[in-house]
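Engineer: To be precise about what I am sending: the file is called my_file.csv and holds CSV, C-alpha atoms.
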```
chain,number,residue,atom,x,y,z
B,30,MET,CA,0.0,0.0,0.0
B,31,PRO,CA,1.5,3.5,-1.0
B,32,TYR,CA,0.4,5.1,2.3
B,33,GLU,CA,2.0,2.3,4.4
B,34,ARG,CA,5.2,2.4,2.4
B,35,CYS,CA,5.5,6.1,3.0
B,36,LEU,CA,5.1,5.5,6.7
B,37,LEU,CA,7.8,2.9,6.7
B,38,SER,CA,10.2,5.0,4.8
B,39,LEU,CA,9.7,8.0,7.0
B,40,SER,CA,9.9,5.9,10.1
B,41,PHE,CA,13.2,4.4,8.8
B,42,ALA,CA,14.7,7.8,8.7
B,43,VAL,CA,13.9,8.3,12.4
B,44,VAL,CA,15.5,4.9,13.2
B,45,LEU,CA,18.6,5.9,11.4
B,46,ALA,CA,18.9,9.1,13.4
B,47,LEU,CA,18.4,7.3,16.7
B,48,GLY,CA,21.0,4.6,15.6
B,49,SER,CA,23.6,7.3,15.0
B,50,GLY,CA,23.2,8.8,18.5
B,51,GLN,CA,21.2,11.8,17.4
B,52,ALA,CA,18.3,13.1,19.4
B,53,LEU,CA,14.8,12.3,18.2
B,54,ALA,CA,14.2,14.7,15.3
B,55,VAL,CA,11.0,16.6,14.9
B,56,GLN,CA,9.6,16.6,11.4
B,57,ARG,CA,7.4,19.5,10.3
B,58,CYS,CA,5.2,18.9,7.3
B,59,GLU,CA,2.7,21.2,5.5
B,60,LEU,CA,0.4,20.9,2.5
B,61,ASN,CA,-1.2,23.9,0.8
B,62,GLY,CA,-0.3,26.0,3.8
B,63,GLU,CA,-1.8,23.6,6.3
B,64,SER,CA,0.1,21.5,8.9
B,65,VAL,CA,-0.2,17.8,8.1
B,66,SER,CA,1.4,14.5,9.3
B,67,PRO,CA,2.4,11.7,6.9
B,68,ASN,CA,1.9,9.4,9.9
B,69,ASN,CA,-1.8,10.4,10.2
B,70,GLY,CA,-3.8,9.7,7.1
B,71,ASN,CA,-6.7,11.8,8.4
B,72,THR,CA,-4.6,15.0,7.8
B,73,THR,CA,-4.0,14.2,4.1
B,74,ALA,CA,-7.2,12.3,3.2
B,75,GLY,CA,-8.6,13.4,-0.2
B,76,LYS,CA,-6.1,16.2,-0.5
B,77,SER,CA,-3.9,17.0,-3.5
B,78,GLY,CA,-0.7,19.1,-3.8
B,79,VAL,CA,2.9,19.0,-2.8
B,80,MET,CA,3.6,18.0,0.8
B,81,ARG,CA,6.8,19.6,2.1
B,82,CYS,CA,8.5,18.1,5.2
B,83,VAL,CA,11.5,19.7,6.9
B,84,ASP,CA,13.6,18.0,9.6
B,85,GLU,CA,16.7,20.0,10.5
B,86,ASP,CA,18.3,17.1,12.5
B,87,GLY,CA,17.1,14.1,10.6
B,88,GLN,CA,18.7,11.9,8.0
B,89,VAL,CA,16.3,13.3,5.5
B,90,ARG,CA,16.4,17.1,5.9
B,91,LEU,CA,13.9,18.0,3.2
B,92,ARG,CA,11.2,16.0,1.5
B,93,GLU,CA,8.7,17.2,-1.1
B,94,GLN,CA,6.2,14.6,-2.2
B,95,THR,CA,3.1,14.9,-4.5
B,96,LEU,CA,-0.3,13.9,-3.3
B,97,ARG,CA,-3.3,13.2,-5.5
B,98,ASP,CA,-6.6,12.7,-3.7
B,99,GLY,CA,-4.8,11.7,-0.6
B,100,ARG,CA,-2.4,9.2,-2.3
B,101,PHE,CA,1.3,9.7,-2.7
B,102,VAL,CA,1.6,9.6,-6.5
B,103,GLY,CA,4.0,11.6,-8.7
B,104,PRO,CA,7.2,13.6,-8.2
B,105,VAL,CA,9.3,13.3,-5.1
B,106,VAL,CA,12.3,15.4,-4.0
B,107,MET,CA,14.6,14.4,-1.1
B,108,VAL,CA,17.6,16.2,0.3
B,109,LEU,CA,19.7,14.2,2.7
B,110,ALA,CA,21.9,15.3,5.6
B,111,ASN,CA,25.0,15.0,3.5
B,112,GLY,CA,23.5,17.4,0.9
B,113,GLU,CA,22.6,14.6,-1.6
B,114,ARG,CA,19.5,15.4,-3.6
B,115,ARG,CA,17.2,12.8,-5.1
B,116,GLU,CA,14.5,13.5,-7.7
B,117,TYR,CA,12.1,10.8,-8.9
B,118,SER,CA,8.4,9.9,-9.2
B,119,VAL,CA,6.3,7.1,-7.7
B,120,ASN,CA,3.4,5.4,-9.3
B,121,GLU,CA,0.1,4.3,-7.8
B,122,ARG,CA,1.8,1.1,-6.5
B,123,GLY,CA,4.3,3.2,-4.5
B,124,ASN,CA,7.3,2.1,-6.7
B,125,ARG,CA,9.7,4.5,-8.4
B,126,HIS,CA,8.7,5.0,-12.1
B,127,GLY,CA,10.1,7.0,-14.9
B,128,LEU,CA,13.3,9.2,-14.8
B,129,ALA,CA,15.2,9.4,-11.5
B,130,ARG,CA,18.2,11.6,-10.8
B,131,THR,CA,20.7,11.9,-7.9
B,132,PHE,CA,22.9,14.9,-7.3
B,133,ASP,CA,25.7,15.3,-4.8
B,134,ALA,CA,26.1,18.2,-2.3
B,135,LYS,CA,27.8,20.3,-5.0
B,136,GLY,CA,24.9,19.9,-7.4
B,137,THR,CA,26.7,17.6,-9.7
B,138,LEU,CA,24.6,15.0,-11.4
B,139,ARG,CA,25.9,11.6,-10.2
B,140,LYS,CA,23.2,9.1,-11.3
B,141,GLU,CA,20.5,9.1,-13.9
B,142,GLU,CA,18.1,6.1,-14.1
B,143,ASN,CA,15.1,5.1,-16.2
B,144,LEU,CA,12.7,2.9,-14.2
B,145,ASP,CA,9.6,0.9,-14.9
B,146,ASN,CA,7.6,0.1,-11.8
B,147,GLY,CA,10.7,0.0,-9.6
B,148,SER,CA,12.9,-1.9,-12.0
B,149,ALA,CA,15.7,-0.5,-14.2
B,150,ASP,CA,14.5,-0.2,-17.8
B,151,GLY,CA,16.6,1.3,-20.7
B,152,VAL,CA,19.6,3.6,-20.3
B,153,GLN,CA,21.2,3.9,-16.8
B,154,LYS,CA,24.1,6.4,-16.3
B,155,THR,CA,26.6,7.0,-13.5
B,156,PHE,CA,28.8,10.1,-13.4
B,157,GLY,CA,32.1,10.8,-11.7
B,158,GLU,CA,32.7,13.5,-9.1
B,159,ALA,CA,33.9,15.9,-11.9
B,160,GLY,CA,30.8,15.2,-13.9
B,161,HIS,CA,32.1,12.9,-16.6
B,162,LEU,CA,30.2,9.8,-17.6
B,163,GLN,CA,31.6,6.9,-15.5
B,164,GLU,CA,29.3,4.1,-16.5
B,165,LEU,CA,26.6,3.5,-19.1
B,166,GLN,CA,24.3,0.6,-18.8
B,167,PHE,CA,21.2,-0.6,-20.6
B,168,ALA,CA,18.6,-2.8,-18.9
B,169,ALA,CA,16.0,-4.9,-20.6
B,170,GLU,CA,13.6,-7.5,-19.1
B,171,ARG,CA,15.0,-7.0,-15.6
B,172,ARG,CA,18.6,-7.6,-16.5
B,173,THR,CA,21.6,-5.6,-17.6
B,174,VAL,CA,22.5,-6.4,-21.2
B,175,LEU,CA,25.1,-3.7,-21.8
B,176,THR,CA,27.8,-2.1,-19.6
B,177,ILE,CA,30.4,0.4,-20.7
B,178,GLY,CA,32.8,1.9,-18.1
B,179,TYR,CA,34.7,5.1,-18.7
B,180,LEU,CA,37.6,7.1,-17.3
B,181,ALA,CA,37.6,10.9,-17.3
B,182,ASP,CA,39.5,11.0,-20.6
B,183,GLY,CA,36.9,8.8,-22.3
B,184,THR,CA,38.9,5.6,-22.5
B,185,LEU,CA,37.1,2.5,-21.4
B,186,THR,CA,37.5,0.5,-18.2
B,187,GLU,CA,34.8,-2.2,-18.8
B,188,LEU,CA,32.8,-3.5,-21.8
B,189,ARG,CA,30.0,-6.0,-21.9
B,190,CYS,CA,27.9,-6.0,-25.1
B,191,ALA,CA,24.3,-6.9,-26.1
B,192,PRO,CA,23.5,-9.0,-29.2
B,193,GLN,CA,22.0,-5.9,-30.9
B,194,SER,CA,23.0,-2.3,-30.6
B,195,VAL,CA,20.9,-0.5,-27.9
B,196,VAL,CA,22.6,2.9,-27.7
B,197,PRO,CA,24.8,4.9,-30.2
B,198,GLN,CA,27.8,4.4,-27.9
B,199,ASP,CA,27.9,0.7,-28.4
B,200,ARG,CA,28.0,0.5,-32.2
B,201,GLU,CA,31.8,0.7,-32.8
B,202,VAL,CA,33.1,-0.9,-29.6
B,203,CYS,CA,30.6,-3.8,-29.7
B,204,GLY,CA,31.2,-4.6,-33.4
B,205,HIS,CA,27.7,-3.7,-34.6
B,206,THR,CA,29.1,-1.9,-37.7
B,207,GLY,CA,30.0,-5.3,-39.3
B,208,ARG,CA,33.7,-5.2,-38.3
B,209,ALA,CA,35.1,-6.8,-35.2
B,210,SER,CA,36.2,-4.2,-32.7
B,211,ASP,CA,39.6,-4.0,-31.0
B,212,VAL,CA,39.3,-2.2,-27.7
B,213,THR,CA,42.0,-1.5,-25.0
B,214,LEU,CA,40.6,-1.4,-21.5
B,215,TYR,CA,42.3,0.7,-18.8
B,216,ARG,CA,42.6,0.3,-15.0
B,217,GLU,CA,43.5,3.9,-14.7
B,218,ALA,CA,44.9,6.6,-17.1
B,219,GLY,CA,47.8,5.1,-19.0
B,220,LYS,CA,47.6,1.7,-17.3
B,221,PRO,CA,45.9,-0.9,-19.5
B,222,SER,CA,44.0,-3.8,-17.9
B,223,GLY,CA,43.6,-5.8,-21.1
B,224,THR,CA,42.1,-5.9,-24.6
B,225,VAL,CA,38.8,-7.1,-25.9
B,226,SER,CA,37.2,-7.7,-29.3
B,227,PHE,CA,33.5,-8.0,-30.1
B,228,LEU,CA,31.6,-8.8,-33.4
B,229,ARG,CA,27.8,-8.1,-33.4
B,230,GLY,CA,27.9,-8.1,-29.6
B,231,GLN,CA,29.6,-11.5,-29.3
B,232,MET,CA,33.0,-11.6,-27.6
B,233,GLN,CA,35.7,-12.8,-30.1
B,234,ARG,CA,38.7,-12.6,-27.9
B,235,GLN,CA,39.9,-11.1,-24.6
B,236,SER,CA,43.2,-10.7,-22.7
B,237,VAL,CA,43.3,-9.6,-19.0
B,238,LEU,CA,46.4,-8.2,-17.4
B,239,ASP,CA,47.3,-7.8,-13.7
B,240,ARG,CA,48.7,-4.6,-12.2
B,241,GLU,CA,52.2,-5.6,-13.2
B,242,GLY,CA,51.2,-6.0,-16.9
B,243,ARG,CA,51.3,-9.8,-16.8
B,244,GLN,CA,48.7,-11.8,-18.7
B,245,VAL,CA,46.5,-13.6,-16.3
B,246,ARG,CA,43.5,-14.7,-18.4
B,247,THR,CA,42.6,-15.0,-22.1
B,248,GLU,CA,39.4,-16.0,-23.9
B,249,GLU,CA,38.8,-16.6,-27.6
B,250,LEU,CA,36.2,-17.8,-30.0
B,251,LYS,CA,37.8,-20.1,-32.5
B,252,ASP,CA,36.1,-22.5,-35.0
B,253,GLY,CA,32.8,-22.5,-33.0
B,254,ARG,CA,34.6,-23.2,-29.7
B,255,ARG,CA,35.1,-20.9,-26.8
B,256,ILE,CA,38.5,-21.4,-25.2
B,257,LYS,CA,39.3,-19.8,-21.9
B,258,ARG,CA,42.8,-19.9,-20.3
B,259,VAL,CA,44.1,-18.8,-16.9
B,260,PHE,CA,47.8,-18.4,-16.2
B,261,TYR,CA,50.2,-18.4,-13.2
B,262,ALA,CA,52.3,-15.3,-12.5
B,263,SER,CA,55.1,-17.1,-14.2
B,264,GLY,CA,53.1,-17.2,-17.5
B,265,LYS,CA,52.6,-21.0,-17.4
B,266,PRO,CA,49.1,-22.3,-17.9
B,267,ARG,CA,47.0,-22.9,-14.9
B,268,SER,CA,43.6,-24.0,-16.4
B,269,GLU,CA,41.9,-24.2,-19.7
B,270,THR,CA,38.3,-24.8,-20.9
B,271,ASP,CA,37.6,-25.7,-24.5
B,272,PHE,CA,33.8,-25.9,-25.0
B,273,ILE,CA,31.5,-25.7,-28.0
B,274,GLU,CA,29.9,-22.2,-28.2
B,275,ARG,CA,26.2,-22.5,-28.1
B,276,ASP,CA,23.3,-20.1,-28.3
B,277,PRO,CA,22.4,-19.0,-24.8
B,278,ASN,CA,18.8,-19.9,-25.4
B,279,SER,CA,19.6,-23.4,-26.8
B,280,ALA,CA,18.8,-26.6,-24.9
B,281,GLY,CA,22.3,-28.1,-25.6
B,282,GLY,CA,24.5,-28.4,-22.5
B,283,ARG,CA,28.3,-28.0,-22.0
B,284,GLU,CA,30.4,-30.0,-24.4
B,285,GLY,CA,34.2,-30.1,-24.5
B,286,VAL,CA,37.2,-30.5,-22.3
B,287,ALA,CA,38.5,-28.7,-19.1
B,288,ARG,CA,42.1,-29.1,-18.0
B,289,GLU,CA,44.2,-28.0,-14.9
B,290,TRP,CA,48.0,-27.8,-14.5
B,291,ALA,CA,50.4,-27.4,-11.6
B,292,GLU,CA,52.9,-24.5,-11.9
B,293,SER,CA,55.6,-27.1,-12.7
B,294,GLY,CA,53.7,-27.7,-16.0
B,295,GLN,CA,52.4,-31.1,-15.0
B,296,LEU,CA,48.8,-31.8,-16.1
B,297,THR,CA,46.8,-32.6,-12.9
B,298,GLN,CA,43.2,-33.0,-14.1
B,299,GLU,CA,41.3,-33.4,-17.3
B,300,THR,CA,37.5,-33.5,-17.5
B,301,ALA,CA,35.4,-34.3,-20.6
B,302,TRP,CA,31.9,-33.0,-20.9
B,303,ALA,CA,29.0,-33.9,-23.2
B,304,ASP,CA,25.3,-32.9,-23.1
B,305,GLY,CA,26.0,-30.8,-20.1
B,306,TYR,CA,27.4,-33.6,-17.9
B,307,GLU,CA,30.8,-34.9,-16.9
B,308,GLN,CA,31.6,-38.0,-18.9
B,309,ARG,CA,35.2,-38.7,-17.9
B,310,ILE,CA,37.6,-37.4,-15.3
B,311,GLN,CA,41.3,-38.1,-15.1
B,312,GLN,CA,43.8,-36.9,-12.4
B,313,TRP,CA,47.6,-37.1,-12.2
B,314,TYR,CA,50.2,-36.8,-9.4
B,315,LEU,CA,52.9,-34.2,-9.7
B,316,ASN,CA,55.3,-37.0,-10.5
B,317,GLY,CA,53.3,-37.7,-13.7
B,318,ARG,CA,51.7,-40.9,-12.7
B,319,GLN,CA,48.0,-41.5,-12.9
B,320,LYS,CA,46.1,-40.7,-9.7
B,321,LEU,CA,42.5,-41.3,-10.8
B,322,ARG,CA,40.4,-42.4,-13.7
B,323,GLN,CA,36.7,-42.0,-13.6
B,324,GLN,CA,34.0,-42.9,-16.1
B,325,ILE,CA,30.4,-41.5,-15.8
B,326,ARG,CA,27.4,-43.0,-17.6
B,327,ARG,CA,23.9,-41.6,-17.5
B,328,GLU,CA,20.6,-43.2,-18.4
B,329,GLY,CA,17.6,-41.0,-17.8
B,330,ARG,CA,17.9,-39.7,-14.2
B,331,ASP,CA,20.2,-42.5,-13.2
B,332,GLN,CA,24.0,-42.0,-13.0
B,333,GLU,CA,26.7,-44.7,-12.7
B,334,ARG,CA,30.2,-43.8,-11.9
B,335,THR,CA,33.2,-46.1,-12.0
B,336,THR,CA,36.4,-44.8,-10.3
B,337,GLU,CA,39.9,-46.3,-10.5
B,338,SER,CA,42.3,-44.9,-8.0
B,339,PHE,CA,46.1,-45.3,-8.0
B,340,TRP,CA,49.0,-45.0,-5.6
B,341,ASP,CA,51.7,-42.5,-6.5
B,342,ASN,CA,53.9,-45.5,-7.5
B,343,GLY,CA,51.4,-46.3,-10.3
B,344,LYS,CA,49.9,-49.4,-8.5
B,345,PRO,CA,46.1,-49.7,-8.3
B,346,ALA,CA,44.6,-48.4,-5.0
B,347,ALA,CA,40.9,-49.0,-5.4
B,348,VAL,CA,38.1,-49.6,-7.8
B,349,ASN,CA,34.7,-48.2,-6.8
B,350,PHE,CA,31.3,-48.3,-8.4
B,351,GLU,CA,28.6,-45.7,-7.6
B,352,ARG,CA,25.0,-45.5,-8.6
B,353,ASN,CA,23.3,-42.1,-8.1
B,354,GLY,CA,26.0,-41.0,-5.6
B,355,ARG,CA,26.0,-44.2,-3.5
B,356,LEU,CA,28.4,-47.1,-3.5
B,357,SER,CA,26.9,-50.1,-5.2
B,358,GLY,CA,28.1,-53.6,-5.9
B,359,TRP,CA,31.6,-54.8,-5.2
B,360,GLN,CA,34.4,-52.3,-4.3
B,361,LYS,CA,38.0,-53.4,-4.4
B,362,TYR,CA,40.9,-52.0,-2.3
B,363,HIS,CA,44.7,-52.7,-2.8
B,364,THR,CA,47.9,-52.2,-0.9
B,365,GLU,CA,50.6,-49.9,-2.2
B,366,ASP,CA,52.1,-53.0,-3.8
B,367,GLY,CA,48.9,-53.5,-5.8
B,368,VAL,CA,47.8,-56.6,-3.9
B,369,LEU,CA,44.0,-57.0,-3.3
B,370,ILE,CA,43.5,-56.5,0.4
B,371,ARG,CA,39.7,-56.0,0.8
B,372,GLU,CA,36.4,-56.3,-1.1
B,373,ASP,CA,33.2,-54.7,0.0
B,374,GLU,CA,29.7,-55.4,-1.4
B,375,HIS,CA,27.1,-52.6,-1.1
B,376,GLY,CA,23.4,-53.0,-1.7
B,377,GLU,CA,20.4,-50.6,-2.0
B,378,ARG,CA,21.1,-47.1,-0.8
B,379,GLY,CA,24.8,-47.9,-0.3
B,380,VAL,CA,24.3,-50.2,2.6
B,381,LEU,CA,27.3,-52.5,3.3
B,382,LEU,CA,26.3,-56.1,2.9
B,383,ARG,CA,29.5,-58.2,2.8
B,384,ARG,CA,33.2,-57.8,3.3
B,385,LYS,CA,36.2,-60.0,2.3
B,386,ARG,CA,39.6,-59.5,3.8
B,387,TYR,CA,42.8,-60.8,2.2
B,388,THR,CA,46.4,-61.3,3.4
B,389,GLU,CA,49.3,-59.3,2.0
B,390,GLN,CA,49.8,-62.3,-0.3
B,391,GLY,CA,46.3,-62.0,-1.7
B,392,VAL,CA,44.9,-65.0,0.0
B,393,LEU,CA,41.3,-64.8,1.4
B,394,GLU,CA,41.6,-64.5,5.1
B,395,ARG,CA,38.1,-63.7,6.4
B,396,GLU,CA,34.6,-63.1,5.0
B,397,GLU,CA,31.8,-61.3,6.9
B,398,ARG,CA,28.2,-60.5,6.2
B,399,PHE,CA,26.5,-57.4,7.7
B,400,LEU,CA,22.9,-57.4,9.0
B,401,GLU,CA,20.5,-54.5,9.0
B,402,ASP,CA,21.6,-53.3,12.4
B,403,GLY,CA,25.3,-53.3,11.5
B,404,SER,CA,26.1,-56.5,13.3
B,405,ARG,CA,28.3,-59.1,11.5
B,406,ILE,CA,28.1,-62.8,11.0
```
Now, as a test, write the supplied structure out as structure tokens.

Structural biologist:
Amino acid sequence: MPYERCLLSLSFAVVLALGSGQALAVQRCELNGESVSPNNGNTTAGKSGVMRCVDEDGQVRLREQTLRDGRFVGPVVMVLANGERREYSVNERGNRHGLARTFDAKGTLRKEENLDNGSADGVQKTFGEAGHLQELQFAAERRTVLTIGYLADGTLTELRCAPQSVVPQDREVCGHTGRASDVTLYREAGKPSGTVSFLRGQMQRQSVLDREGRQVRTEELKDGRRIKRVFYASGKPRSETDFIERDPNSAGGREGVAREWAESGQLTQETAWADGYEQRIQQWYLNGRQKLRQQIRREGRDQERTTESFWDNGKPAAVNFERNGRLSGWQKYHTEDGVLIREDEHGERGVLLRRKRYTEQGVLEREERFLEDGSRI
């Protein structure tokens, strides 16, 4: 309810004042020359005009709000204790709607928003202390589809593009002219943070630099695949993903390969994806020997996973079988010499059913069966 929301917002200002140690502020409001109280609907019922409230000690020093037939609808002006001035309008639902502006204590425009029933819609601008455009965004369907960040000299700090041109400023930098763009981004004046290229709003390549100018991350679209790489400070590869580039609205899932390396250059993990799911995972020790080999199969909602683990000397350590995240069937465990030392059988929901123990020579030593209460026979 608009009236209730007004009460809450005004009450919140009083709470802020109390929380900061200030004395309880006295708010004076008038409408058409008459004293009114936004906390008492009887004083504003059926009235129209601009209610002006002054609070010399409060968090909100000045508030001018339009009433129409006793309802708060239309332009609002607020001046805060720090001198910040906010201008906007509210609709019949009590939400901000239309153009909204925020000025600092010096009168400099710092933010300009376009709103639709409380949500950002269209062009959104943020300005620096000196008044230069600092960030330009475009919102559509409750999400930000374009972001361009600027330094005071007009060079770019950030660039995220929409599939189609939405403002004149994005045509060249987002590649909407038919040619791929080539843009250098800056952390601060004279200090680049990387480069980026777009064609028709789709990123073609990107390179990200750290403060020392070292390349820490790259991304490129090549032959229908998007390849992302992350690097150690030494310049050696740390990780890489190589996936088929799909339309964001398509039903197809992730498909490709992801890899990770130690700083020594040793490959430590490789994961193959298909139809949006992991299909195969392999891991290696730093000495180069295989650590793990895992195969994943899916049938409908069911998933089966077979995992072969190895000791760092290359000998088998275990073979495990899982179904839907629970151990199922026979599991095998080996000593560091590769000798079978134990076998466990798991049933429904991963419950342990039987266990076989072997000597270090691989001879069956004992066999146990587990009952529902965990006791053994």

Engineer: I'd like the interatomic distance between atom CA of Thr247 of chain B and atom CA of Leu296 of chain B, to a tenth of an Å.

Structural biologist: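 Calculated distance between atom CA of Thr247 of chain B and atom CA of Leu296 of chain B is 18.9 Å.
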
Engineer: Go ahead and compute the interatomic distance for atom CA of Met232 of chain B and atom CA of Gly183 of chain B, in Å to one decimal.

Structural biologist: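 Computing it gives 21.4 Å between the two atoms.
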
Engineer: I'd like the neighbourhood of Ser279 of chain B as a PyMOL selection string, where a residue qualifies if any of its atoms comes within 12 Å (using all atoms listed in the file), though same-chain residues fewer than 4 positions away should be ignored.

Structural biologist: chain B and resi 274-275+283+304-305

Engineer: How many Å lie between atom CA of Val259 of chain B and atom CA of Gly343 of chain B, rounded to one decimal?

Structural biologist: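 Computing it gives 29.2 Å between the two atoms.
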
Engineer: With a distance cut-off of 9 Å and only C-alpha atoms, select the neighbouring residues of Asn342 of chain B, excluding the residue or stretch itself and same-chain residues fewer than 6 positions from it, and output the selection as a list in words.

Structural biologist: Arg318, Gln319, Glu365 and Asp366 of chain B

Engineer: Can you work out which one of B:Gly230, B:Ala169, B:Arg81, B:Thr224 has the shortest atom-to-atom distance to Asp199 of chain B, counting only C-alpha atoms?

Structural biologist: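 Closest to Asp199 of chain B of all the choices is B:Gly230.
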
Engineer: Between B:Ser263, B:Glu201, B:Thr335, B:Thr186, single out the one closest to Val237 of chain B, counting all atoms listed in the file.

Structural biologist: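 Closest candidate: B:Thr186.
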
Engineer: With only C-alpha atoms as the counted atoms, please give the residues lying no more than 10 Å from segment 112-123 of chain B, apart from itself and same-chain residues fewer than 2 positions off, as an NGL selection string.

Structural biologist: :B and (30-35 or 89-95 or 97 or 100-110 or 125-147)

Engineer: Which polymer residues have any atom within 6 Å of an atom of Gln311 of chain B, counting all atoms listed in the file, with same-chain residues fewer than 3 positions away left out, as a list of chain:residue names?

Structural biologist: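 That gives B:Gln298, B:Glu299, B:Leu321, B:Arg322.
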
Engineer: When distances are computed from all atoms listed in the file, which of B:Asn71, B:Ser338, B:Gln233, B:Ser404 shows the smallest separation from Asp252 of chain B?

Structural biologist: B:Gln233

Engineer: Counting all atoms listed in the file, figure out which residue out of B:Arg172, B:Arg254, B:Arg57, B:Arg327 gets nearest to Asn353 of chain B.

Structural biologist: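 Result for the nearest residue to Asn353 of chain B: B:Arg327.
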
Engineer: Excluding segment 204-219 of chain B and residues on its chain fewer than 2 positions from it, collect all residues at most 8 Å away from it, counting all atoms listed in the file, and give them as number ranges by chain.

Structural biologist: B: 180, 182, 184-187, 193-194, 199-202, 221-230, 233

Engineer: Let me make sure I understand: among B:Ala301, B:Ala280, B:Leu250, B:Val55, which one has the smallest atom-to-atom distance to Gly87 of chain B if we use only C-alpha atoms?

Structural biologist: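 Checking each of B:Ala301, B:Ala280, B:Leu250, B:Val55 against Gly87 of chain B, counting only C-alpha atoms, the winner is B:Val55.
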
Engineer: The residues within 9 Å of (-6.8, 13.7, 1.0), using only C-alpha atoms and the coordinates of the file, should be reported as a PyMOL selection string; which are they?

Structural biologist: chain B and resi 70-77+96-100

Engineer: Give as number ranges by chain every residue, naming chains and numbers as the document does, that has an atom within 7 Å of (23.6, -1.2, -21.9), counting all atoms listed in the file.

Structural biologist: B: 152, 165-168, 173-176, 195

Engineer: Counting only C-alpha atoms, which of B:Glu85, B:Glu351, B:Glu63, B:Glu248 gets nearest to Val380 of chain B?

Structural biologist: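 Once distances to Val380 of chain B are computed over only C-alpha atoms, the minimum belongs to B:Glu351.
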